[in-house]
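Data block for target05.txt (compact mmCIF, C-alpha atoms):
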# COMPACT_ATOMS: atom_id res chain seq x y z
CA MET A 1 127.40 75.52 157.67
CA PRO A 2 125.14 72.80 156.22
CA SER A 3 125.57 69.22 157.32
CA PRO A 4 126.65 66.49 154.87
CA SER A 5 123.84 65.22 152.69
CA LEU A 6 124.04 61.82 154.41
CA SER A 7 123.76 63.27 157.89
CA THR A 8 121.26 61.82 160.33
CA GLN A 9 120.55 62.50 163.98
CA LEU A 10 121.95 59.28 165.41
CA PRO A 11 124.39 59.16 168.33
CA LEU A 12 128.06 59.92 167.82
CA SER A 13 130.77 57.57 169.02
CA ARG A 14 132.48 60.26 171.14
CA ARG A 15 130.56 60.87 174.33
CA GLY A 16 132.39 62.87 176.98
CA PHE A 17 133.36 66.04 175.17
CA LEU A 18 134.86 67.73 178.19
CA VAL A 19 135.74 66.23 181.56
CA ALA A 20 137.20 68.84 183.84
CA SER A 21 138.54 69.53 187.30
CA ALA A 22 139.94 72.74 188.72
CA GLY A 23 143.01 73.71 186.77
CA ALA A 24 142.89 70.87 184.24
CA ALA A 25 140.66 69.64 181.45
CA ALA A 26 140.43 66.70 179.08
CA VAL A 27 138.75 67.89 175.91
CA LEU A 28 137.69 65.64 173.03
CA GLY A 29 139.77 62.78 174.32
CA LEU A 30 142.99 64.76 174.80
CA VAL A 31 144.73 63.85 178.03
CA SER A 32 144.71 66.60 180.63
CA THR A 33 147.80 67.60 182.55
CA PRO A 34 148.19 69.34 185.90
CA ALA A 35 148.21 73.12 185.67
CA ARG A 36 151.69 74.57 185.83
CA ALA A 37 150.46 77.62 187.68
CA ASP A 38 150.23 76.82 191.40
CA SER A 39 146.47 76.63 192.00
CA GLY A 40 146.97 77.70 195.59
CA ALA A 41 149.74 80.26 195.94
CA ARG A 42 150.10 81.49 192.35
CA PRO A 43 146.97 80.98 190.24
CA PHE A 44 148.19 83.58 187.75
CA GLY A 45 151.70 82.19 187.33
CA ARG A 46 154.26 84.74 186.19
CA TYR A 47 151.59 87.26 185.21
CA GLY A 48 151.18 89.01 188.55
CA SER A 49 148.01 89.24 190.63
CA PRO A 50 145.49 91.84 191.77
CA ASP A 51 148.09 92.93 194.34
CA ARG A 52 150.87 93.31 191.77
CA ARG A 53 149.37 93.98 188.36
CA LEU A 54 151.35 93.70 185.18
CA THR A 55 149.85 97.05 184.16
CA PRO A 56 147.06 99.22 185.53
CA GLY A 57 144.89 97.88 182.70
CA THR A 58 145.36 94.21 183.60
CA LEU A 59 142.45 92.30 185.14
CA TYR A 60 142.57 88.83 186.71
CA VAL A 61 139.93 86.11 186.33
CA ASP A 62 139.67 83.17 188.72
CA GLN A 63 136.71 80.99 189.65
CA GLN A 64 138.09 80.49 193.15
CA GLY A 65 137.78 84.17 194.05
CA ARG A 66 141.47 85.06 193.93
CA GLY A 67 141.12 87.50 191.03
CA ASP A 68 139.14 90.59 190.17
CA PHE A 69 136.33 88.55 188.59
CA ALA A 70 135.07 84.97 188.63
CA SER A 71 133.87 84.92 185.01
CA VAL A 72 135.44 85.94 181.73
CA GLN A 73 132.42 87.94 180.58
CA ALA A 74 132.35 89.95 183.79
CA ALA A 75 135.99 90.90 183.21
CA VAL A 76 135.32 91.77 179.55
CA THR A 77 132.42 94.01 180.59
CA ALA A 78 134.67 95.83 183.06
CA ALA A 79 137.57 96.10 180.59
CA SER A 80 136.13 98.93 178.52
CA GLY A 81 138.18 100.95 176.09
CA THR A 82 141.39 99.82 174.44
CA GLY A 83 144.54 97.93 175.36
CA ARG A 84 143.20 95.89 178.28
CA THR A 85 144.68 92.54 179.35
CA LEU A 86 142.86 89.62 180.98
CA VAL A 87 144.87 86.95 182.77
CA LEU A 88 142.84 83.75 183.21
CA ALA A 89 143.65 81.32 186.04
CA PRO A 90 143.27 77.59 185.32
CA GLY A 91 139.66 76.48 185.23
CA VAL A 92 136.71 75.60 183.03
CA TYR A 93 134.67 78.74 182.40
CA ARG A 94 131.21 77.58 181.31
CA GLU A 95 129.75 80.71 179.80
CA THR A 96 129.29 82.63 176.59
CA VAL A 97 131.58 85.60 176.04
CA ALA A 98 131.30 88.55 173.65
CA VAL A 99 133.95 91.17 172.90
CA ASP A 100 132.32 94.09 171.07
CA VAL A 101 133.95 96.44 168.58
CA THR A 102 134.80 99.08 171.22
CA ARG A 103 137.14 96.84 173.21
CA THR A 104 140.11 97.04 170.84
CA GLU A 105 143.68 95.81 171.30
CA ALA A 106 142.68 93.35 174.03
CA THR A 107 144.94 90.51 175.15
CA TRP A 108 143.83 87.32 176.91
CA ILE A 109 146.45 85.12 178.55
CA GLY A 110 146.05 81.62 179.95
CA ALA A 111 148.11 81.93 183.13
CA SER A 112 149.53 78.38 183.17
CA GLU A 113 150.79 78.68 179.57
CA ASP A 114 149.07 75.40 178.76
CA PRO A 115 145.79 75.74 176.82
CA ARG A 116 144.43 72.54 178.35
CA ASP A 117 144.21 74.31 181.71
CA VAL A 118 142.06 77.28 180.70
CA VAL A 119 138.84 76.35 178.89
CA ILE A 120 136.00 78.63 177.81
CA VAL A 121 133.08 76.40 176.83
CA TYR A 122 129.32 76.39 176.31
CA ASP A 123 126.80 74.20 174.51
CA ASN A 124 124.53 76.23 172.24
CA ALA A 125 123.81 75.02 168.69
CA ALA A 126 122.19 76.79 165.76
CA GLY A 127 118.92 74.98 166.51
CA THR A 128 118.97 75.53 170.27
CA PRO A 129 115.82 77.45 171.32
CA LYS A 130 116.38 80.93 172.72
CA PRO A 131 114.51 81.95 175.89
CA GLY A 132 112.63 84.71 174.06
CA GLY A 133 111.67 82.54 171.11
CA GLY A 134 113.36 81.40 167.94
CA THR A 135 116.74 79.68 167.76
CA HIS A 136 120.32 80.87 168.02
CA GLY A 137 121.42 80.30 164.44
CA THR A 138 125.02 79.58 163.56
CA THR A 139 126.42 82.95 164.67
CA GLY A 140 124.39 82.95 167.87
CA SER A 141 125.66 79.49 168.80
CA ALA A 142 129.21 80.77 169.35
CA THR A 143 130.66 80.25 172.81
CA THR A 144 133.00 83.21 172.25
CA THR A 145 132.49 86.08 169.80
CA VAL A 146 135.25 88.59 169.09
CA GLN A 147 134.36 91.66 167.02
CA ALA A 148 137.07 94.07 168.16
CA ASP A 149 140.24 94.74 166.17
CA GLY A 150 143.65 93.89 167.60
CA PHE A 151 142.56 90.91 169.72
CA ILE A 152 145.28 88.55 170.98
CA ALA A 153 144.81 85.23 172.81
CA ARG A 154 147.49 82.87 174.11
CA TRP A 155 147.24 79.45 175.78
CA ILE A 156 143.44 79.22 175.90
CA THR A 157 140.96 76.56 174.77
CA PHE A 158 137.77 77.77 173.09
CA ALA A 159 135.16 75.01 172.92
CA ASN A 160 131.56 74.15 172.16
CA ASP A 161 130.53 70.83 173.70
CA TRP A 162 127.07 70.54 172.14
CA LEU A 163 126.54 66.97 170.92
CA ARG A 164 124.16 65.69 168.27
CA ALA A 165 123.55 62.55 170.29
CA ASP A 166 122.10 64.57 173.16
CA HIS A 167 119.64 66.44 170.96
CA PRO A 168 118.15 64.17 168.28
CA ASP A 169 115.24 66.61 167.90
CA ILE A 170 117.45 69.51 166.77
CA ALA A 171 118.30 69.75 163.07
CA GLY A 172 120.50 72.86 163.30
CA THR A 173 123.68 71.11 164.44
CA GLN A 174 126.13 73.92 163.81
CA ALA A 175 127.85 74.71 167.12
CA VAL A 176 130.57 77.35 166.97
CA ALA A 177 133.39 77.46 169.53
CA ILE A 178 134.55 80.93 168.49
CA LYS A 179 133.56 83.51 165.90
CA VAL A 180 136.33 85.99 165.12
CA GLN A 181 135.44 89.09 163.08
CA GLY A 182 138.03 91.69 163.99
CA ASP A 183 141.07 92.74 161.96
CA ARG A 184 144.51 91.87 163.32
CA SER A 185 143.23 89.01 165.49
CA ALA A 186 146.02 86.65 166.59
CA PHE A 187 145.84 83.32 168.41
CA THR A 188 148.96 81.43 169.51
CA HIS A 189 149.10 78.10 171.34
CA CYS A 190 145.30 77.94 171.50
CA ARG A 191 142.85 75.08 170.97
CA PHE A 192 139.50 75.24 169.20
CA LEU A 193 137.25 72.26 169.92
CA GLY A 194 133.85 71.33 168.60
CA HIS A 195 132.16 69.23 165.95
CA GLN A 196 130.39 71.24 163.26
CA ASP A 197 131.57 74.80 162.51
CA THR A 198 134.18 74.94 165.27
CA LEU A 199 136.27 77.93 164.17
CA TYR A 200 134.43 80.75 162.38
CA ALA A 201 137.13 83.04 160.95
CA ASP A 202 135.06 85.85 159.47
CA SER A 203 134.78 89.65 159.22
CA MET A 204 132.35 92.30 160.37
CA ALA A 205 130.97 93.06 156.91
CA LEU A 206 131.17 91.86 153.33
CA GLY A 207 133.47 94.68 152.25
CA THR A 208 135.75 94.35 155.30
CA PHE A 209 138.85 92.19 154.79
CA ALA A 210 139.72 91.15 158.34
CA ARG A 211 143.22 89.70 158.81
CA GLN A 212 143.67 86.86 161.29
CA TYR A 213 146.63 84.73 162.33
CA PHE A 214 146.63 81.33 164.03
CA ALA A 215 149.97 79.82 165.06
CA HIS A 216 150.78 76.61 166.95
CA CYS A 217 147.06 75.98 167.39
CA HIS A 218 144.98 72.78 167.52
CA VAL A 219 141.58 72.64 165.82
CA GLU A 220 139.14 69.70 165.97
CA GLY A 221 135.79 69.02 164.33
CA ASP A 222 133.88 67.20 161.62
CA VAL A 223 131.77 69.39 159.31
CA ASP A 224 133.24 72.62 157.85
CA PHE A 225 135.06 73.14 161.10
CA VAL A 226 137.24 75.98 159.82
CA PHE A 227 135.06 78.39 157.82
CA GLY A 228 134.28 82.02 157.01
CA ARG A 229 135.43 84.93 154.85
CA ALA A 230 138.44 86.29 156.75
CA THR A 231 141.93 86.62 155.34
CA ALA A 232 143.41 84.04 157.69
CA VAL A 233 146.84 82.43 157.98
CA TYR A 234 147.16 79.11 159.81
CA GLU A 235 150.82 78.40 160.54
CA ASP A 236 152.23 75.37 162.35
CA CYS A 237 148.71 74.27 163.26
CA HIS A 238 147.21 70.82 163.75
CA PHE A 239 143.77 70.09 162.29
CA ARG A 240 142.18 66.86 163.53
CA THR A 241 139.06 65.29 162.07
CA LEU A 242 136.78 63.30 164.37
CA ASN A 243 135.28 59.87 164.00
CA ARG A 244 131.53 59.47 163.56
CA THR A 245 129.05 56.61 163.90
CA ASP A 246 125.98 58.53 162.75
CA LEU A 247 126.88 58.29 159.05
CA ALA A 248 126.78 55.13 156.97
CA ALA A 249 129.47 56.16 154.49
CA ALA A 250 132.04 58.79 153.57
CA PRO A 251 132.38 61.69 153.61
CA TYR A 252 132.20 62.29 157.33
CA GLY A 253 132.96 65.96 156.84
CA PHE A 254 135.19 68.72 155.52
CA VAL A 255 138.09 70.52 157.16
CA PHE A 256 137.83 73.93 155.45
CA ALA A 257 134.87 75.88 154.04
CA PRO A 258 136.06 79.37 153.09
CA SER A 259 133.58 82.00 151.89
CA THR A 260 136.04 84.63 150.64
CA ALA A 261 134.49 87.73 149.05
CA VAL A 262 135.18 87.96 145.34
CA ALA A 263 136.94 91.32 145.80
CA ASN A 264 139.32 89.92 148.42
CA PRO A 265 142.61 88.74 146.88
CA ARG A 266 143.50 86.71 149.97
CA GLY A 267 141.43 84.00 151.66
CA TYR A 268 142.72 81.14 153.81
CA LEU A 269 146.40 80.15 153.80
CA VAL A 270 147.47 76.96 155.58
CA THR A 271 151.22 76.57 155.84
CA HIS A 272 153.64 74.19 157.59
CA SER A 273 150.76 72.46 159.33
CA ARG A 274 149.30 68.94 159.52
CA VAL A 275 145.93 67.27 159.18
CA SER A 276 145.30 64.04 161.09
CA SER A 277 142.19 61.95 161.65
CA GLU A 278 140.68 59.44 164.02
CA ALA A 279 138.21 58.41 161.29
CA PRO A 280 138.83 55.70 158.66
CA ASP A 281 141.19 56.48 155.82
CA ALA A 282 139.85 58.80 153.09
CA TYR A 283 136.64 59.59 154.97
CA TYR A 284 137.22 63.34 154.99
CA LYS A 285 137.46 65.97 152.28
CA LEU A 286 140.04 68.68 152.64
CA ALA A 287 137.61 71.44 151.69
CA ARG A 288 134.44 72.58 150.02
CA PRO A 289 133.54 76.16 149.02
CA TRP A 290 130.88 78.03 150.96
CA VAL A 291 128.93 80.59 148.97
CA PRO A 292 126.38 81.87 151.52
CA GLY A 293 122.99 83.22 150.59
CA SER A 294 124.08 86.60 151.97
CA ASP A 295 126.88 86.80 149.37
CA THR A 296 126.17 84.79 146.25
CA THR A 297 129.10 86.52 144.53
CA ALA A 298 131.64 84.99 146.93
CA ARG A 299 134.62 83.21 145.40
CA PRO A 300 136.14 81.06 148.16
CA MET A 301 139.93 80.92 148.38
CA LEU A 302 142.09 78.29 150.10
CA THR A 303 145.77 77.52 149.66
CA VAL A 304 147.32 74.61 151.55
CA ARG A 305 151.09 74.42 151.28
CA ASP A 306 154.03 72.63 152.89
CA THR A 307 151.54 70.70 155.01
CA ARG A 308 151.25 67.02 155.88
CA LEU A 309 147.89 65.52 154.98
CA GLY A 310 147.27 62.26 156.81
CA PRO A 311 145.40 59.22 155.43
CA GLY A 312 142.07 60.55 156.67
CA ILE A 313 141.95 62.93 153.69
CA ASP A 314 140.55 61.56 150.42
CA ALA A 315 143.58 61.90 148.15
CA VAL A 316 141.68 61.00 144.98
CA ALA A 317 138.98 63.67 145.41
CA PRO A 318 139.95 66.02 148.28
CA TYR A 319 137.48 68.74 147.26
CA THR A 320 133.73 68.64 146.78
CA ASN A 321 130.82 71.01 146.24
CA MET A 322 128.49 72.41 148.83
CA SER A 323 126.20 73.39 145.97
CA GLU A 324 126.29 72.36 142.34
CA THR A 325 125.69 76.00 141.46
CA TYR A 326 129.10 76.95 142.89
CA ARG A 327 131.48 74.21 141.87
CA TRP A 328 134.82 73.96 143.63
CA GLN A 329 136.65 74.00 140.29
CA ASN A 330 135.48 77.58 139.76
CA GLN A 331 136.83 78.78 143.10
CA ARG A 332 140.37 79.61 144.23
CA PHE A 333 141.63 76.32 145.65
CA ALA A 334 145.29 75.32 145.36
CA GLU A 335 148.07 73.29 146.97
CA TYR A 336 151.85 73.39 146.99
CA ARG A 337 154.44 70.85 148.11
CA ASN A 338 152.19 69.02 150.54
CA SER A 339 153.17 65.60 151.86
CA GLY A 340 151.61 62.50 153.39
CA PRO A 341 149.16 59.92 152.05
CA GLY A 342 146.34 62.46 151.86
CA ALA A 343 148.44 64.63 149.54
CA GLU A 344 149.22 61.96 146.95
CA ILE A 345 148.36 63.19 143.47
CA THR A 346 146.56 60.37 141.67
CA VAL A 347 144.06 62.44 139.67
CA PRO A 348 145.89 65.68 138.77
CA GLU A 349 142.76 67.59 137.76
CA ASN A 350 141.45 67.09 141.30
CA ARG A 351 144.58 68.59 142.91
CA PRO A 352 145.29 72.09 141.51
CA GLN A 353 148.89 73.04 142.28
CA LEU A 354 150.62 76.41 142.50
CA THR A 355 153.62 77.06 140.34
CA ASP A 356 156.84 78.09 142.07
CA ALA A 357 156.22 81.67 140.99
CA GLN A 358 152.68 81.64 142.40
CA ALA A 359 153.93 80.11 145.64
CA ASP A 360 156.27 83.08 146.13
CA SER A 361 153.21 85.24 146.85
CA ALA A 362 151.39 82.64 148.96
CA THR A 363 153.10 83.61 152.20
CA ARG A 364 152.09 85.00 155.56
CA GLU A 365 153.80 88.29 154.65
CA SER A 366 151.79 88.77 151.47
CA TYR A 367 148.54 87.80 153.17
CA LEU A 368 148.93 89.97 156.26
CA GLY A 369 150.78 92.96 154.82
CA ASP A 370 152.24 95.42 157.30
CA TRP A 371 150.90 93.43 160.27
CA LYS A 372 153.49 90.93 161.55
CA PRO A 373 151.95 89.07 164.51
CA TRP A 374 154.62 86.33 164.47
CA LYS A 375 157.07 88.92 165.82
CA GLU A 376 154.97 89.54 168.90
CA GLU A 377 155.57 87.75 172.19
CA CYS A 378 154.07 84.26 172.15

As a first step, turn the structure in this file into structure tokens.
Amino acid sequence: MPSPSLSTQLPLSRRGFLVASAGAAAVLGLVSTPARADSGARPFGRYGSPDRRLTPGTLYVDQQGRGDFASVQAAVTAASGTGRTLVLAPGVYRETVAVDVTRTEATWIGASEDPRDVVIVYDNAAGTPKPGGGTHGTTGSATTTVQADGFIARWITFANDWLRADHPDIAGTQAVAIKVQGDRSAFTHCRFLGHQDTLYADSMALGTFARQYFAHCHVEGDVDFVFGRATAVYEDCHFRTLNRTDLAAAPYGFVFAPSTAVANPRGYLVTHSRVSSEAPDAYYKLARPWVPGSDTTARPMLTVRDTRLGPGIDAVAPYTNMSETYRWQNQRFAEYRNSGPGAEITVPENRPQLTDAQADSATRESYLGDWKPWKEEC
């Protein structure tokens, strides 16, 4: 996603993105805690081990050599077919990982049941040079890419720790932590950490309406850090905007940047969540529409309901344009019964609200149809 028009390449105030030790990590200033899985005797907690597998299709990942594989990608490569489970021991896995379309119905589990203990992280940005020439681009910057349908992740941190301050010569500052394209992709108790373009909730093709579900998750970033064209429900999630010292004035960034296809009746739904900020009050916009060059007919859709918006959100003008050609007022943006200082309605025309009747269809059930991921074990 594009950077704000005021963006420069000066250092950010946050320096250490990820400080880690075996079994614990402090990411973006969040305090790390000891892993609950015994790092010696039971690195996989209650999820078995190579000697006593949960199922024949379960594989174990541990950097200390106590599993089947030491890297996540090596386990993904071995876990061909459908219905495979990866159990990840506490550790910081510095690598890029790709799950292709053939590896359906996969489940990844953070063994300690604390997402701060299991971190998958890398540091590519859109403008990072590739070994064979050219640059990665936004999609290629992703630390983790999931294309397969039926993907489930629990208690894992997905991160991209690329920093603008370290690379003042690179203009392409998009740095994706995870790109999710598959249908029926569910994440519970996960964290998504980055700066620009952290969580890319998308689909495999323009005419594919991929359904995704994020529950009890934590997402951090600054510019368009939740974006894409998926039909995605964010329930009981925490979105946190970061402080910046490289910009002279607001806005510092935008939480959501949906790019919903015009034919898709369901875009992003945020419900029973909260938005907080470490930046000054009113320095962030809630959203701006993304109409990409690859789909100039897109009509972005975002509904935020029953959610607390902290003072970091500009209550007077919470939405803005990415392009004057595609004004936010012509998109599908709406709110319903939000609370907090960032939700105060001072200029009604800037805060489109659902009616009670419209809100009856703005639910996880209506967005996700016959798929009910909240009933699965989490």

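Minimum atom-to-atom distances from A:Val61, A:Asp197, A:Phe151, A:Val118 to Thr102 (chain A) were compared using all atoms listed in the file, and the lowest value belongs to A:Phe151.
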
For this session: Could you give me, as JSON, numbers by chain, the residues within 8 Å of region 338-345 of chain A, counting all atoms listed in the file and dropping anything in the same chain fewer than 2 positions from it?
Result: {"A": [282, 304, 305, 306, 307, 308, 309, 310, 311, 312, 313, 314, 315, 316, 335, 336, 347, 348, 351]}

Problem set entry | Residue nearest Ser141 (chain A) among A:His189, A:Arg299, A:Lys179, A:Arg154 (counting all atoms listed in the file) | A:Lys179

Exercise. At what distance in Å, to one decimal, does CA of Ala215 (chain A) lie from CA of Arg364 (chain A)?
Worked result: 11.0 Å

Exercise. Neighbours of Glu235 (chain A) within 7 Å (all atoms listed in the file; same-chain residues fewer than 3 positions away dropped), as a PyMOL selection string?
Worked result: chain A and resi 214-216+270-273

Output C-alpha atoms for every residue in that selection, as a short mmCIF file (atom, residue, chain, number, x, y, z; two decimals), in the frame of the given file.
data_model
loop_
_atom_site.label_atom_id
_atom_site.label_comp_id
_atom_site.auth_asym_id
_atom_site.auth_seq_id
_atom_site.Cartn_x
_atom_site.Cartn_y
_atom_site.Cartn_z
CA PHE A 214 146.63 81.33 164.03
CA ALA A 215 149.97 79.82 165.06
CA HIS A 216 150.78 76.61 166.95
CA VAL A 270 147.47 76.96 155.58
CA THR A 271 151.22 76.57 155.84
CA HIS A 272 153.64 74.19 157.59
CA SER A 273 150.76 72.46 159.33
#

Per residue of region 151-207 of chain A within 12 Å of region 248-266 of chain A, what are the shortest atom pair and its distance in Å to one decimal, counting all atoms listed in the file, with rows by chain and residue number, as JSON lines?
{"residue": "A:His195", "atom": "CA", "partner": "A:Gly253", "partner_atom": "CA", "distance": 9.7}
{"residue": "A:Gln196", "atom": "CA", "partner": "A:Gly253", "partner_atom": "CA", "distance": 8.7}
{"residue": "A:Asp197", "atom": "CA", "partner": "A:Ala257", "partner_atom": "CA", "distance": 9.2}
{"residue": "A:Thr198", "atom": "CA", "partner": "A:Val255", "partner_atom": "CA", "distance": 10.0}
{"residue": "A:Leu199", "atom": "CA", "partner": "A:Phe256", "partner_atom": "CA", "distance": 9.7}
{"residue": "A:Tyr200", "atom": "CA", "partner": "A:Pro258", "partner_atom": "CA", "distance": 9.5}
{"residue": "A:Ala201", "atom": "CA", "partner": "A:Pro258", "partner_atom": "CA", "distance": 8.7}
{"residue": "A:Asp202", "atom": "CA", "partner": "A:Ser259", "partner_atom": "CA", "distance": 8.6}
{"residue": "A:Ser203", "atom": "CA", "partner": "A:Thr260", "partner_atom": "CA", "distance": 10.0}
{"residue": "A:Ala205", "atom": "CA", "partner": "A:Ala261", "partner_atom": "CA", "distance": 10.1}
{"residue": "A:Leu206", "atom": "CA", "partner": "A:Ala261", "partner_atom": "CA", "distance": 6.8}
{"residue": "A:Gly207", "atom": "CA", "partner": "A:Ala261", "partner_atom": "CA", "distance": 7.7}

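The closest residue to Val176 (chain A), picked from A:Thr135, A:Asn124, A:Ser294, A:Thr188 and counting only C-alpha atoms, is A:Asn124.
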
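Distance check against Trp162 (chain A) using only C-alpha atoms: of A:Cys237, A:Ala148, A:Ala177, A:Met322, the minimum falls on A:Ala177.
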
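Coordinates place CA of Val146 (chain A) at a distance of 28.5 Å from CA of Arg42 (chain A).
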
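Between CA of Leu163 (chain A) and CA of Asn321 (chain A) lies a distance of 25.4 Å.
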
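By chain and then residue number, the residues within 6 Å of region 84-96 of chain A are Ala22, Gly23, Pro43, Phe44, Gly57, Thr58, Leu59, Tyr60, Val61, Asp62, Ala106, Thr107, Trp108, Ile109, Gly110, Ala111, Asp117, Val118, Val119, Ile120, Val121, Tyr122, Thr143 and Thr144 of chain A, counting all atoms listed in the file and disregarding those fewer than 6 positions away in sequence.
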
Problem set entry | Among the residues A:Leu269, A:Ile152, A:Cys217, A:Val226, the one that comes closest to Trp290 (chain A) [using only C-alpha atoms] | A:Val226

Problem set entry | Exercise: residues within 8 Å of coordinate (122.2, 76.0, 169.8), counting all atoms listed in the file, as a PyMOL selection string | chain A and resi 123-129+135-138+140-141+162+172-175
